[in-house]
file protein-v5.txt (compact mmCIF, C-alpha atoms)
# COMPACT_ATOMS: atom_id res chain seq x y z
CA MET A 1 -51.60 -32.15 98.71
CA SER A 2 -52.68 -29.81 95.94
CA VAL A 3 -51.55 -29.85 92.32
CA SER A 4 -52.40 -28.44 88.90
CA MET A 5 -52.60 -31.11 86.21
CA GLU A 6 -53.12 -31.26 82.49
CA GLU A 7 -56.11 -33.31 81.43
CA ASP A 8 -55.25 -35.96 78.84
CA GLY A 9 -56.07 -34.97 75.29
CA SER A 10 -56.90 -31.33 75.98
CA GLY A 11 -55.27 -28.16 77.17
CA SER A 12 -57.53 -27.80 80.17
CA LYS A 13 -56.17 -27.76 83.68
CA ILE A 14 -57.57 -29.03 86.94
CA HIS A 15 -57.04 -26.29 89.52
CA LEU A 16 -56.80 -27.63 93.06
CA PRO A 17 -56.78 -25.32 96.11
CA ALA A 18 -53.43 -23.84 97.10
CA ASP A 19 -51.47 -25.92 99.59
CA ILE A 20 -51.49 -24.71 103.18
CA ASN A 21 -47.90 -24.60 104.40
CA TRP A 22 -46.37 -24.23 107.87
CA GLU A 23 -46.16 -20.42 107.78
CA MET A 24 -49.93 -20.12 107.13
CA LEU A 25 -50.96 -22.09 110.22
CA ASP A 26 -52.05 -20.85 113.63
CA LYS A 27 -49.79 -23.20 115.59
CA SER A 28 -51.74 -23.27 118.88
CA LYS A 29 -55.00 -24.01 117.08
CA PHE A 30 -53.26 -26.56 114.85
CA PHE A 31 -51.88 -28.61 117.77
CA PHE A 32 -54.94 -28.28 120.02
CA LEU A 33 -57.48 -29.26 117.35
CA GLY A 34 -55.11 -31.91 116.03
CA ALA A 35 -54.89 -33.60 119.42
CA ALA A 36 -58.69 -33.71 119.69
CA LEU A 37 -59.35 -34.90 116.14
CA PHE A 38 -56.66 -37.57 116.03
CA SER A 39 -57.60 -38.90 119.48
CA GLY A 40 -61.03 -39.65 118.05
CA VAL A 41 -59.49 -41.33 115.00
CA SER A 42 -57.22 -43.46 117.22
CA GLY A 43 -60.18 -44.58 119.31
CA ALA A 44 -62.17 -45.65 116.25
CA LEU A 45 -59.32 -47.73 114.80
CA TYR A 46 -57.85 -49.16 118.01
CA PRO A 47 -59.68 -52.55 117.92
CA ILE A 48 -58.07 -53.38 114.56
CA VAL A 49 -54.63 -52.56 115.98
CA VAL A 50 -55.30 -54.93 118.90
CA LEU A 51 -56.23 -57.74 116.50
CA LYS A 52 -53.13 -57.11 114.38
CA THR A 53 -50.85 -57.11 117.43
CA ARG A 54 -52.28 -60.33 118.83
CA GLN A 55 -51.87 -62.11 115.50
CA GLN A 56 -48.24 -61.05 115.26
CA VAL A 57 -47.22 -62.48 118.64
CA MET A 58 -49.11 -65.78 118.43
CA SER A 59 -47.20 -69.03 117.92
CA SER A 60 -49.73 -70.24 115.33
CA GLN A 61 -51.97 -68.56 112.78
CA ILE A 62 -55.62 -67.95 113.67
CA PRO A 63 -58.03 -66.20 111.26
CA CYS A 64 -58.79 -62.62 112.21
CA LEU A 65 -62.58 -63.08 112.44
CA LYS A 66 -62.20 -66.21 114.59
CA MET A 67 -59.89 -64.33 116.94
CA ALA A 68 -62.30 -61.38 117.13
CA GLY A 69 -65.17 -63.74 118.00
CA SER A 70 -63.08 -65.44 120.70
CA MET A 71 -62.10 -62.09 122.19
CA LEU A 72 -65.71 -60.94 122.23
CA ARG A 73 -66.87 -64.11 124.02
CA ASN A 74 -64.04 -64.29 126.55
CA GLU A 75 -63.24 -60.64 127.21
CA GLY A 76 -66.19 -58.62 125.94
CA TYR A 77 -65.79 -55.29 124.18
CA ARG A 78 -63.20 -54.18 126.73
CA GLY A 79 -60.77 -56.68 125.24
CA PHE A 80 -60.61 -54.61 122.05
CA TYR A 81 -59.52 -51.55 124.03
CA ARG A 82 -56.82 -53.01 126.27
CA GLY A 83 -54.06 -50.45 126.72
CA PHE A 84 -56.06 -47.68 125.01
CA GLY A 85 -55.61 -45.23 127.89
CA THR A 86 -51.84 -45.66 127.75
CA SER A 87 -51.83 -45.39 123.98
CA LEU A 88 -53.96 -42.24 124.00
CA THR A 89 -51.71 -40.58 126.59
CA GLY A 90 -48.73 -40.98 124.28
CA THR A 91 -50.60 -40.27 121.06
CA ILE A 92 -51.14 -36.60 121.86
CA PRO A 93 -47.47 -35.54 122.27
CA ALA A 94 -46.37 -37.99 119.56
CA ARG A 95 -48.86 -36.54 117.08
CA ALA A 96 -47.72 -33.02 117.95
CA LEU A 97 -44.11 -33.99 117.18
CA TYR A 98 -45.20 -35.80 114.03
CA MET A 99 -47.30 -32.99 112.61
CA GLY A 100 -44.76 -30.31 113.46
CA ALA A 101 -41.84 -32.20 111.87
CA LEU A 102 -44.00 -33.12 108.86
CA GLU A 103 -45.03 -29.57 108.01
CA VAL A 104 -41.65 -27.94 108.71
CA THR A 105 -39.77 -30.52 106.61
CA LYS A 106 -42.29 -30.48 103.77
CA SER A 107 -42.18 -26.69 103.56
CA ASN A 108 -38.37 -26.42 103.69
CA VAL A 109 -37.59 -29.37 101.39
CA GLY A 110 -40.29 -28.32 98.94
CA THR A 111 -38.82 -24.84 98.68
CA ALA A 112 -35.27 -26.20 98.33
CA THR A 113 -36.14 -28.70 95.58
CA VAL A 114 -38.01 -26.08 93.55
CA GLN A 115 -34.99 -23.79 93.79
CA LEU A 116 -32.79 -26.66 92.57
CA GLY A 117 -34.85 -26.81 89.40
CA PHE A 118 -37.04 -29.86 90.03
CA SER A 119 -40.53 -29.94 88.51
CA GLU A 120 -43.53 -29.32 90.73
CA ALA A 121 -44.54 -33.00 90.68
CA THR A 122 -41.03 -34.26 91.52
CA SER A 123 -40.55 -31.59 94.16
CA SER A 124 -43.84 -32.52 95.82
CA THR A 125 -42.94 -36.25 95.91
CA ILE A 126 -39.45 -35.63 97.32
CA ALA A 127 -40.72 -33.17 99.93
CA SER A 128 -43.52 -35.54 100.99
CA ALA A 129 -41.18 -38.53 101.34
CA ALA A 130 -38.61 -36.50 103.30
CA ALA A 131 -41.35 -35.09 105.54
CA GLY A 132 -42.73 -38.56 106.27
CA LEU A 133 -39.24 -39.81 107.12
CA SER A 134 -38.39 -36.97 109.53
CA ALA A 135 -41.86 -36.98 111.13
CA ALA A 136 -41.68 -40.70 111.89
CA MET A 137 -38.20 -40.42 113.40
CA ALA A 138 -39.26 -37.52 115.64
CA ALA A 139 -42.47 -39.22 116.80
CA GLN A 140 -40.71 -42.50 117.65
CA LEU A 141 -39.05 -40.79 120.62
CA VAL A 142 -42.50 -40.88 122.24
CA TRP A 143 -44.22 -43.67 120.36
CA THR A 144 -41.67 -46.42 121.09
CA PRO A 145 -42.10 -46.50 124.92
CA ILE A 146 -45.85 -46.08 124.51
CA ASP A 147 -45.89 -48.97 122.03
CA VAL A 148 -43.88 -51.19 124.38
CA VAL A 149 -46.36 -50.65 127.21
CA SER A 150 -49.64 -50.53 125.26
CA GLN A 151 -48.83 -53.55 123.08
CA ARG A 152 -48.09 -55.66 126.16
CA LEU A 153 -51.49 -54.70 127.51
CA MET A 154 -53.16 -55.41 124.14
CA VAL A 155 -52.14 -59.08 124.10
CA GLN A 156 -53.33 -59.81 127.63
CA GLY A 157 -56.38 -62.01 127.29
CA SER A 158 -58.17 -64.01 129.92
CA GLY A 159 -55.25 -66.43 130.05
CA ASN A 160 -52.34 -67.81 128.05
CA SER A 161 -54.52 -70.45 126.43
CA SER A 162 -56.93 -67.87 125.02
CA CYS A 163 -54.16 -65.80 123.52
CA GLY A 164 -51.91 -68.61 122.31
CA VAL A 165 -48.91 -66.48 123.19
CA VAL A 166 -45.58 -67.59 124.63
CA GLY A 167 -43.10 -65.52 126.63
CA LEU A 168 -45.76 -63.13 127.90
CA LYS A 169 -45.94 -61.31 131.23
CA TYR A 170 -49.09 -59.89 132.79
CA TYR A 171 -49.59 -56.37 134.08
CA ASN A 172 -52.26 -54.58 136.07
CA GLY A 173 -52.62 -51.54 133.81
CA GLY A 174 -50.25 -49.13 132.11
CA ILE A 175 -48.61 -47.72 135.25
CA ASP A 176 -47.89 -51.22 136.58
CA ALA A 177 -46.39 -52.24 133.22
CA PHE A 178 -44.27 -49.08 133.10
CA GLN A 179 -42.92 -49.66 136.62
CA LYS A 180 -42.15 -53.34 136.08
CA ILE A 181 -40.38 -52.71 132.78
CA ILE A 182 -38.25 -49.97 134.38
CA CYS A 183 -37.43 -52.20 137.38
CA SER A 184 -36.45 -55.21 135.27
CA ASP A 185 -34.80 -53.59 132.24
CA GLY A 186 -34.28 -49.93 133.09
CA LEU A 187 -34.96 -47.17 130.56
CA ARG A 188 -33.65 -49.44 127.80
CA GLY A 189 -36.67 -51.68 128.37
CA LEU A 190 -39.03 -48.91 127.33
CA TYR A 191 -37.02 -48.36 124.16
CA ARG A 192 -36.80 -52.03 123.24
CA GLY A 193 -37.09 -52.27 119.47
CA PHE A 194 -36.36 -48.55 119.00
CA GLY A 195 -33.88 -49.25 116.21
CA ILE A 196 -36.20 -51.54 114.30
CA SER A 197 -39.10 -49.14 114.98
CA ILE A 198 -37.13 -46.46 113.14
CA LEU A 199 -36.34 -48.98 110.39
CA THR A 200 -40.05 -49.83 110.18
CA TYR A 201 -41.82 -46.50 110.52
CA ALA A 202 -39.31 -44.14 108.91
CA PRO A 203 -39.29 -45.91 105.51
CA SER A 204 -42.97 -46.79 105.91
CA ASN A 205 -43.89 -43.13 106.30
CA ALA A 206 -41.49 -42.06 103.54
CA VAL A 207 -43.01 -44.67 101.20
CA TRP A 208 -46.54 -43.72 102.24
CA TRP A 209 -46.20 -39.96 101.77
CA GLY A 210 -44.22 -40.36 98.54
CA SER A 211 -46.73 -42.91 97.20
CA TYR A 212 -49.62 -40.71 98.27
CA SER A 213 -48.23 -37.76 96.34
CA ILE A 214 -47.83 -39.90 93.21
CA ALA A 215 -51.21 -41.65 93.64
CA HIS A 216 -52.93 -38.29 94.15
CA ARG A 217 -51.69 -37.07 90.78
CA LEU A 218 -52.43 -40.38 89.04
CA VAL A 219 -56.02 -40.45 90.29
CA TRP A 220 -56.67 -36.88 89.20
CA GLY A 221 -55.05 -37.66 85.84
CA SER A 222 -57.33 -40.70 85.45
CA ILE A 223 -60.64 -39.02 86.23
CA GLY A 224 -59.75 -35.84 84.30
CA CYS A 225 -62.41 -33.17 84.47
CA TYR A 226 -65.16 -35.51 85.69
CA CYS A 227 -66.70 -34.38 88.99
CA CYS A 228 -65.25 -30.92 88.31
CA LYS A 229 -66.85 -27.61 87.43
CA LYS A 230 -65.50 -25.16 84.89
CA ASP A 231 -63.92 -22.09 86.45
CA THR A 232 -63.38 -18.54 85.21
CA GLU A 233 -59.83 -19.28 84.05
CA GLY A 234 -60.91 -21.82 81.44
CA GLY A 235 -59.88 -24.80 83.58
CA TYR A 236 -61.74 -27.04 85.98
CA LYS A 237 -62.23 -26.87 89.73
CA PRO A 238 -63.20 -30.01 91.72
CA ASP A 239 -65.97 -29.88 94.30
CA GLY A 240 -65.45 -30.86 97.92
CA LYS A 241 -66.86 -34.39 97.57
CA ALA A 242 -64.57 -35.18 94.64
CA MET A 243 -61.54 -33.99 96.57
CA LEU A 244 -62.45 -36.15 99.59
CA ALA A 245 -62.96 -39.18 97.35
CA VAL A 246 -59.61 -38.71 95.58
CA GLN A 247 -57.82 -38.21 98.91
CA GLY A 248 -59.37 -41.43 100.25
CA VAL A 249 -58.52 -43.55 97.18
CA SER A 250 -54.97 -42.18 97.07
CA ALA A 251 -54.49 -42.89 100.79
CA ALA A 252 -55.70 -46.49 100.40
CA MET A 253 -53.35 -47.06 97.45
CA ALA A 254 -50.38 -45.64 99.37
CA SER A 255 -51.25 -47.81 102.40
CA GLY A 256 -51.21 -50.97 100.30
CA VAL A 257 -47.72 -50.24 99.02
CA SER A 258 -46.40 -49.28 102.45
CA ALA A 259 -47.95 -52.30 104.24
CA LEU A 260 -46.48 -54.82 101.81
CA VAL A 261 -43.01 -53.27 101.94
CA THR A 262 -42.70 -52.98 105.72
CA MET A 263 -44.89 -55.80 107.14
CA PRO A 264 -42.01 -58.20 108.04
CA LEU A 265 -40.22 -55.44 109.95
CA ASP A 266 -43.43 -54.56 111.81
CA THR A 267 -43.98 -58.19 112.85
CA VAL A 268 -40.41 -58.52 114.17
CA LYS A 269 -40.69 -55.15 115.95
CA THR A 270 -43.94 -56.15 117.68
CA ARG A 271 -42.49 -59.44 118.91
CA LEU A 272 -39.36 -57.74 120.22
CA GLN A 273 -41.42 -55.22 122.16
CA VAL A 274 -44.01 -57.63 123.55
CA LEU A 275 -42.34 -60.99 124.20
CA ASP A 276 -39.73 -61.25 126.95
CA ASP A 277 -38.62 -64.80 126.26
CA ASP A 278 -39.26 -65.33 122.56
CA CYS A 279 -35.72 -66.60 122.11
CA CYS A 280 -35.85 -68.91 125.07
CA CYS A 281 -37.31 -72.22 123.97
CA SER A 282 -34.83 -74.27 125.99
CA SER A 283 -34.99 -75.29 129.62
CA SER A 284 -32.56 -72.55 130.59
CA SER A 285 -33.79 -70.55 133.53
CA SER A 286 -31.73 -67.47 132.69
CA ARG A 287 -33.68 -64.58 131.28
CA ARG A 288 -32.51 -63.37 127.88
CA THR A 289 -33.69 -60.46 125.80
CA PRO A 290 -34.71 -61.60 122.29
CA THR A 291 -32.60 -60.35 119.40
CA VAL A 292 -33.75 -59.38 115.91
CA LEU A 293 -31.99 -62.38 114.35
CA GLN A 294 -33.41 -64.88 116.85
CA THR A 295 -36.90 -63.43 116.48
CA VAL A 296 -36.73 -63.81 112.70
CA LYS A 297 -35.46 -67.39 113.08
CA ASN A 298 -38.35 -68.23 115.42
CA LEU A 299 -40.88 -66.73 113.01
CA VAL A 300 -39.52 -68.67 110.03
CA LYS A 301 -39.40 -71.86 112.11
CA GLU A 302 -43.04 -71.41 113.14
CA GLY A 303 -44.49 -70.80 109.69
CA GLY A 304 -41.88 -70.08 107.06
CA PHE A 305 -41.37 -66.63 105.57
CA SER A 306 -45.15 -66.16 105.41
CA ALA A 307 -45.14 -65.99 109.24
CA CYS A 308 -43.54 -62.55 108.87
CA TYR A 309 -46.78 -61.46 107.21
CA ARG A 310 -49.07 -62.54 110.05
CA GLY A 311 -51.60 -59.82 110.68
CA LEU A 312 -51.18 -58.37 107.16
CA GLY A 313 -54.95 -58.22 106.65
CA PRO A 314 -55.69 -56.26 109.84
CA ARG A 315 -52.61 -54.08 109.30
CA TRP A 316 -53.58 -53.26 105.73
CA ALA A 317 -57.15 -52.54 106.83
CA SER A 318 -55.91 -50.50 109.79
CA MET A 319 -53.41 -48.56 107.68
CA SER A 320 -55.97 -47.90 104.93
CA MET A 321 -58.71 -46.75 107.28
CA SER A 322 -56.25 -44.82 109.39
CA ALA A 323 -54.73 -43.20 106.30
CA ILE A 324 -58.10 -42.28 104.80
CA THR A 325 -59.36 -40.74 108.03
CA MET A 326 -55.94 -39.24 108.77
CA ILE A 327 -55.45 -37.48 105.45
CA THR A 328 -59.01 -36.16 105.23
CA THR A 329 -58.90 -35.10 108.90
CA TYR A 330 -55.43 -33.61 108.42
CA GLU A 331 -56.45 -31.50 105.42
CA PHE A 332 -59.59 -30.41 107.30
CA LEU A 333 -57.45 -29.57 110.34
CA LYS A 334 -55.12 -27.38 108.27
CA LYS A 335 -58.09 -25.47 106.86
CA LEU A 336 -59.45 -24.90 110.37
CA SER A 337 -56.03 -23.77 111.59
CA THR A 338 -55.13 -21.22 108.92
CA LYS A 339 -54.45 -17.68 110.09
CA ASN A 340 -56.67 -16.24 107.38
CA GLN A 341 -59.35 -18.72 106.40
CA GLU A 342 -60.93 -16.44 103.80
CA THR A 343 -58.00 -17.13 101.49
CA PHE A 344 -58.95 -20.82 101.27
CA VAL A 345 -62.70 -20.64 100.91

call {"tool": "encode", "arguments": {"input": "protein-v5.txt", "output": "structure tokens"}}
result
Amino acid sequence: MSVSMEEDGSGSKIHLPADINWEMLDKSKFFFLGAALFSGVSGALYPIVVLKTRQQVMSSQIPCLKMAGSMLRNEGYRGFYRGFGTSLTGTIPARALYMGALEVTKSNVGTATVQLGFSEATSSTIASAAAGLSAAMAAQLVWTPIDVVSQRLMVQGSGNSSCGVVGLKYYNGGIDAFQKIICSDGLRGLYRGFGISILTYAPSNAVWWGSYSIAHRLVWGSIGCYCCKKDTEGGYKPDGKAMLAVQGVSAAMASGVSALVTMPLDTVKTRLQVLDDDCCCSSSSSRRTPTVLQTVKNLVKEGGFSACYRGLGPRWASMSMSAITMITTYEFLKKLSTKNQETFV
């Protein structure tokens, strides 16, 4: 996101590079390079996602470092990448949907809000939040079934006792999990938790992108002209390192807000998608699909309301690192994908 801001106490401006919108992008290059770059990012952050997922489905709280040590001893490094192949297969089309919806919405809403008379700052925040909302909803069409399969593979340890998980089935890889879910629950099984996924990721992305836009301006307003060089127009122009640093700090701040707001929903969503018999604590032999209400009741019974925040540490860390790498990679990707790169040098 690029803005022009007044420095406190002076008339100088900080001139950031012009934003690269949807019309300026070479679409084929944008999607091809995006798939490659974000696949690498997903691979680097996947172990943290595995830890977060396991913590969310456990019946009792275990510290993250203790769990990581146990996984390393019992399962080796492969344990941190369970389900990665399945996840990566879905990440590519999901990211394509996400990035396409994000840029189209941001461009259209941004133009519309400016025409309605909103200020540049307000317009940018509204457009970013709307873009995050629409992008998350579009991507969930692919991400939800991939989440259902990959998360079930993530929590498979060397046995029930090592995972401390109840209501868990075992699968021999992604294809086996996909086939068994279809056979037992039909297509609905792959979209288990789709509603709450939308309720989790749509507001989470709206909050993140809106918060990022605000944080970006606040950080630049705080540092003023420091780390900037004077330009020919009497203002200041930041160097590349300063821009990367501000993007990273803003992304981490936005992740903190988003994680705190949506963590309970994410915990409930994960349990719904992973556990087949979370609601069945009785001796009944009939198989029942857990409901949102019953899942929440079980969580509160296990550890009070704080149980809804199990895995907050790994999720916050994952979101922050993912957001920092995502936003810096994303801005770099847009520069690589412009139709006329000379304009942005």

call {"tool": "residues_around", "arguments": {"input": "protein-v5.txt", "residues": "stretch 168-185 of chain A", "least_positions_apart": "6", "cutoff": "8 Å", "atoms": "only C-alpha atoms", "output": "list of chain:residue names"}}
result
A:Gly83, A:Gly85, A:Thr86, A:Val149, A:Ser150, A:Arg152, A:Leu153, A:Gln156, A:Val274, A:Leu275, A:Asp276, A:Asp277

call {"tool": "atom_distance", "arguments": {"input": "protein-v5.txt", "atom1": "atom CA of A:Leu102", "atom2": "atom CA of A:Asp147"}}
result
20.7 Å

call {"tool": "closest_residue", "arguments": {"input": "protein-v5.txt", "among": "A:Leu25, A:Ala101, A:Leu116, A:Ile126", "to": "A:Ser213", "atoms": "only C-alpha atoms"}}
result
A:Ile126

call {"tool": "residues_around", "arguments": {"input": "protein-v5.txt", "residues": "A:Lys334", "least_positions_apart": "6", "cutoff": "10 Å", "atoms": "all atoms listed in the file", "output": "ChimeraX atom specification"}}
result
/A:19-22,24-27,29-30,33-34,341

call {"tool": "write_last_selection", "arguments": {"input": "protein-v5.txt", "atoms": "C-alpha atoms", "output": "mmCIF file, in the frame of the given file"}}
result
data_model
loop_
_atom_site.group_PDB
_atom_site.id
_atom_site.type_symbol
_atom_site.label_atom_id
_atom_site.label_comp_id
_atom_site.auth_asym_id
_atom_site.auth_seq_id
_atom_site.Cartn_x
_atom_site.Cartn_y
_atom_site.Cartn_z
ATOM 1 C CA ASP A 19 -51.470 -25.920 99.590
ATOM 2 C CA ILE A 20 -51.490 -24.710 103.180
ATOM 3 C CA ASN A 21 -47.900 -24.600 104.400
ATOM 4 C CA TRP A 22 -46.370 -24.230 107.870
ATOM 5 C CA MET A 24 -49.930 -20.120 107.130
ATOM 6 C CA LEU A 25 -50.960 -22.090 110.220
ATOM 7 C CA ASP A 26 -52.050 -20.850 113.630
ATOM 8 C CA LYS A 27 -49.790 -23.200 115.590
ATOM 9 C CA LYS A 29 -55.000 -24.010 117.080
ATOM 10 C CA PHE A 30 -53.260 -26.560 114.850
ATOM 11 C CA LEU A 33 -57.480 -29.260 117.350
ATOM 12 C CA GLY A 34 -55.110 -31.910 116.030
ATOM 13 C CA GLN A 341 -59.350 -18.720 106.400
#

call {"tool": "axis_aligned_box", "arguments": {"input": "protein-v5.txt", "around": "stretch 137-145 of chain A", "padding_each_side": "3 Å", "output": "JSON"}}
result
{"center_x": -41.2, "center_y": -42.0, "center_z": 119.2, "size_x": 12.0, "size_y": 15.0, "size_z": 17.5}

call {"tool": "closest_residue", "arguments": {"input": "protein-v5.txt", "among": "A:Ser134, A:Ser59, A:Ser258, A:Ser42", "to": "A:Ser322", "atoms": "all atoms listed in the file"}}
result
A:Ser42

call {"tool": "atom_distance", "arguments": {"input": "protein-v5.txt", "atom1": "atom CA of A:Thr53", "atom2": "atom CA of A:Lys301"}}
result
19.4 Å

call {"tool": "closest_residue", "arguments": {"input": "protein-v5.txt", "among": "A:Ala215, A:Ala202, A:Val300, A:Val50", "to": "A:Ser124", "atoms": "only C-alpha atoms"}}
result
A:Ala215

call {"tool": "atom_distance", "arguments": {"input": "protein-v5.txt", "atom1": "atom CA of A:Gly132", "atom2": "atom CA of A:Phe332"}}
result
18.8 Å

call {"tool": "closest_residue", "arguments": {"input": "protein-v5.txt", "among": "A:Asp266, A:Ser28, A:Leu72, A:Leu312", "to": "A:Lys339", "atoms": "all atoms listed in the file"}}
result
A:Ser28

call {"tool": "build_atoms", "arguments": {"input": "protein-v5.txt", "residues": "stretch 295-303 of chain A", "atoms": "all heavy atoms", "output": "PDB file, keeping the file's coordinate frame"}}
result
ATOM      1  N   THR A 295     -35.470 -63.606 116.701  1.00  0.00           N
ATOM      2  CA  THR A 295     -36.900 -63.430 116.480  1.00  0.00           C
ATOM      3  C   THR A 295     -37.285 -63.823 115.065  1.00  0.00           C
ATOM      4  O   THR A 295     -38.303 -64.492 114.841  1.00  0.00           O
ATOM      5  CB  THR A 295     -37.306 -61.959 116.742  1.00  0.00           C
ATOM      6  OG1 THR A 295     -36.962 -61.609 118.081  1.00  0.00           O
ATOM      7  CG2 THR A 295     -38.796 -61.762 116.551  1.00  0.00           C
ATOM      8  N   VAL A 296     -36.468 -63.433 114.095  1.00  0.00           N
ATOM      9  CA  VAL A 296     -36.730 -63.810 112.700  1.00  0.00           C
ATOM     10  C   VAL A 296     -36.636 -65.329 112.539  1.00  0.00           C
ATOM     11  O   VAL A 296     -37.472 -65.955 111.877  1.00  0.00           O
ATOM     12  CB  VAL A 296     -35.738 -63.105 111.754  1.00  0.00           C
ATOM     13  CG1 VAL A 296     -35.885 -63.644 110.329  1.00  0.00           C
ATOM     14  CG2 VAL A 296     -35.966 -61.605 111.756  1.00  0.00           C
ATOM     15  N   LYS A 297     -35.627 -65.934 113.161  1.00  0.00           N
ATOM     16  CA  LYS A 297     -35.460 -67.390 113.080  1.00  0.00           C
ATOM     17  C   LYS A 297     -36.684 -68.110 113.655  1.00  0.00           C
ATOM     18  O   LYS A 297     -37.174 -69.098 113.090  1.00  0.00           O
ATOM     19  CB  LYS A 297     -34.209 -67.816 113.841  1.00  0.00           C
ATOM     20  CG  LYS A 297     -32.906 -67.520 113.113  1.00  0.00           C
ATOM     21  CD  LYS A 297     -31.710 -68.006 113.930  1.00  0.00           C
ATOM     22  CE  LYS A 297     -30.396 -67.757 113.200  1.00  0.00           C
ATOM     23  NZ  LYS A 297     -29.214 -68.203 114.003  1.00  0.00           N
ATOM     24  N   ASN A 298     -37.175 -67.617 114.802  1.00  0.00           N
ATOM     25  CA  ASN A 298     -38.350 -68.230 115.420  1.00  0.00           C
ATOM     26  C   ASN A 298     -39.582 -68.114 114.529  1.00  0.00           C
ATOM     27  O   ASN A 298     -40.378 -69.050 114.416  1.00  0.00           O
ATOM     28  CB  ASN A 298     -38.632 -67.603 116.780  1.00  0.00           C
ATOM     29  CG  ASN A 298     -37.631 -68.023 117.841  1.00  0.00           C
ATOM     30  OD1 ASN A 298     -36.840 -68.938 117.626  1.00  0.00           O
ATOM     31  ND2 ASN A 298     -37.645 -67.348 118.973  1.00  0.00           N
ATOM     32  N   LEU A 299     -39.752 -66.943 113.908  1.00  0.00           N
ATOM     33  CA  LEU A 299     -40.880 -66.730 113.010  1.00  0.00           C
ATOM     34  C   LEU A 299     -40.830 -67.692 111.828  1.00  0.00           C
ATOM     35  O   LEU A 299     -41.830 -68.330 111.472  1.00  0.00           O
ATOM     36  CB  LEU A 299     -40.894 -65.282 112.503  1.00  0.00           C
ATOM     37  CG  LEU A 299     -41.626 -64.256 113.355  1.00  0.00           C
ATOM     38  CD1 LEU A 299     -41.317 -62.844 112.862  1.00  0.00           C
ATOM     39  CD2 LEU A 299     -43.129 -64.497 113.313  1.00  0.00           C
ATOM     40  N   VAL A 300     -39.678 -67.795 111.196  1.00  0.00           N
ATOM     41  CA  VAL A 300     -39.520 -68.670 110.030  1.00  0.00           C
ATOM     42  C   VAL A 300     -39.710 -70.130 110.427  1.00  0.00           C
ATOM     43  O   VAL A 300     -40.312 -70.918 109.692  1.00  0.00           O
ATOM     44  CB  VAL A 300     -38.132 -68.459 109.383  1.00  0.00           C
ATOM     45  CG1 VAL A 300     -37.896 -69.466 108.266  1.00  0.00           C
ATOM     46  CG2 VAL A 300     -38.013 -67.042 108.835  1.00  0.00           C
ATOM     47  N   LYS A 301     -39.230 -70.491 111.621  1.00  0.00           N
ATOM     48  CA  LYS A 301     -39.400 -71.860 112.110  1.00  0.00           C
ATOM     49  C   LYS A 301     -40.872 -72.177 112.348  1.00  0.00           C
ATOM     50  O   LYS A 301     -41.330 -73.299 112.111  1.00  0.00           O
ATOM     51  CB  LYS A 301     -38.600 -72.026 113.412  1.00  0.00           C
ATOM     52  CG  LYS A 301     -38.612 -73.453 113.965  1.00  0.00           C
ATOM     53  CD  LYS A 301     -37.772 -73.531 115.222  1.00  0.00           C
ATOM     54  CE  LYS A 301     -37.796 -74.951 115.800  1.00  0.00           C
ATOM     55  NZ  LYS A 301     -36.988 -75.054 117.044  1.00  0.00           N
ATOM     56  N   GLU A 302     -41.626 -71.201 112.837  1.00  0.00           N
ATOM     57  CA  GLU A 302     -43.040 -71.410 113.140  1.00  0.00           C
ATOM     58  C   GLU A 302     -43.903 -71.563 111.889  1.00  0.00           C
ATOM     59  O   GLU A 302     -44.827 -72.366 111.856  1.00  0.00           O
ATOM     60  CB  GLU A 302     -43.588 -70.236 113.954  1.00  0.00           C
ATOM     61  CG  GLU A 302     -43.095 -70.200 115.388  1.00  0.00           C
ATOM     62  CD  GLU A 302     -43.502 -68.918 116.094  1.00  0.00           C
ATOM     63  OE1 GLU A 302     -44.349 -68.184 115.542  1.00  0.00           O
ATOM     64  OE2 GLU A 302     -42.977 -68.651 117.184  1.00  0.00           O
ATOM     65  N   GLY A 303     -43.601 -70.756 110.853  1.00  0.00           N
ATOM     66  CA  GLY A 303     -44.490 -70.800 109.690  1.00  0.00           C
ATOM     67  C   GLY A 303     -43.854 -70.384 108.385  1.00  0.00           C
ATOM     68  O   GLY A 303     -44.573 -69.949 107.478  1.00  0.00           O
TER      69      GLY A 303
END
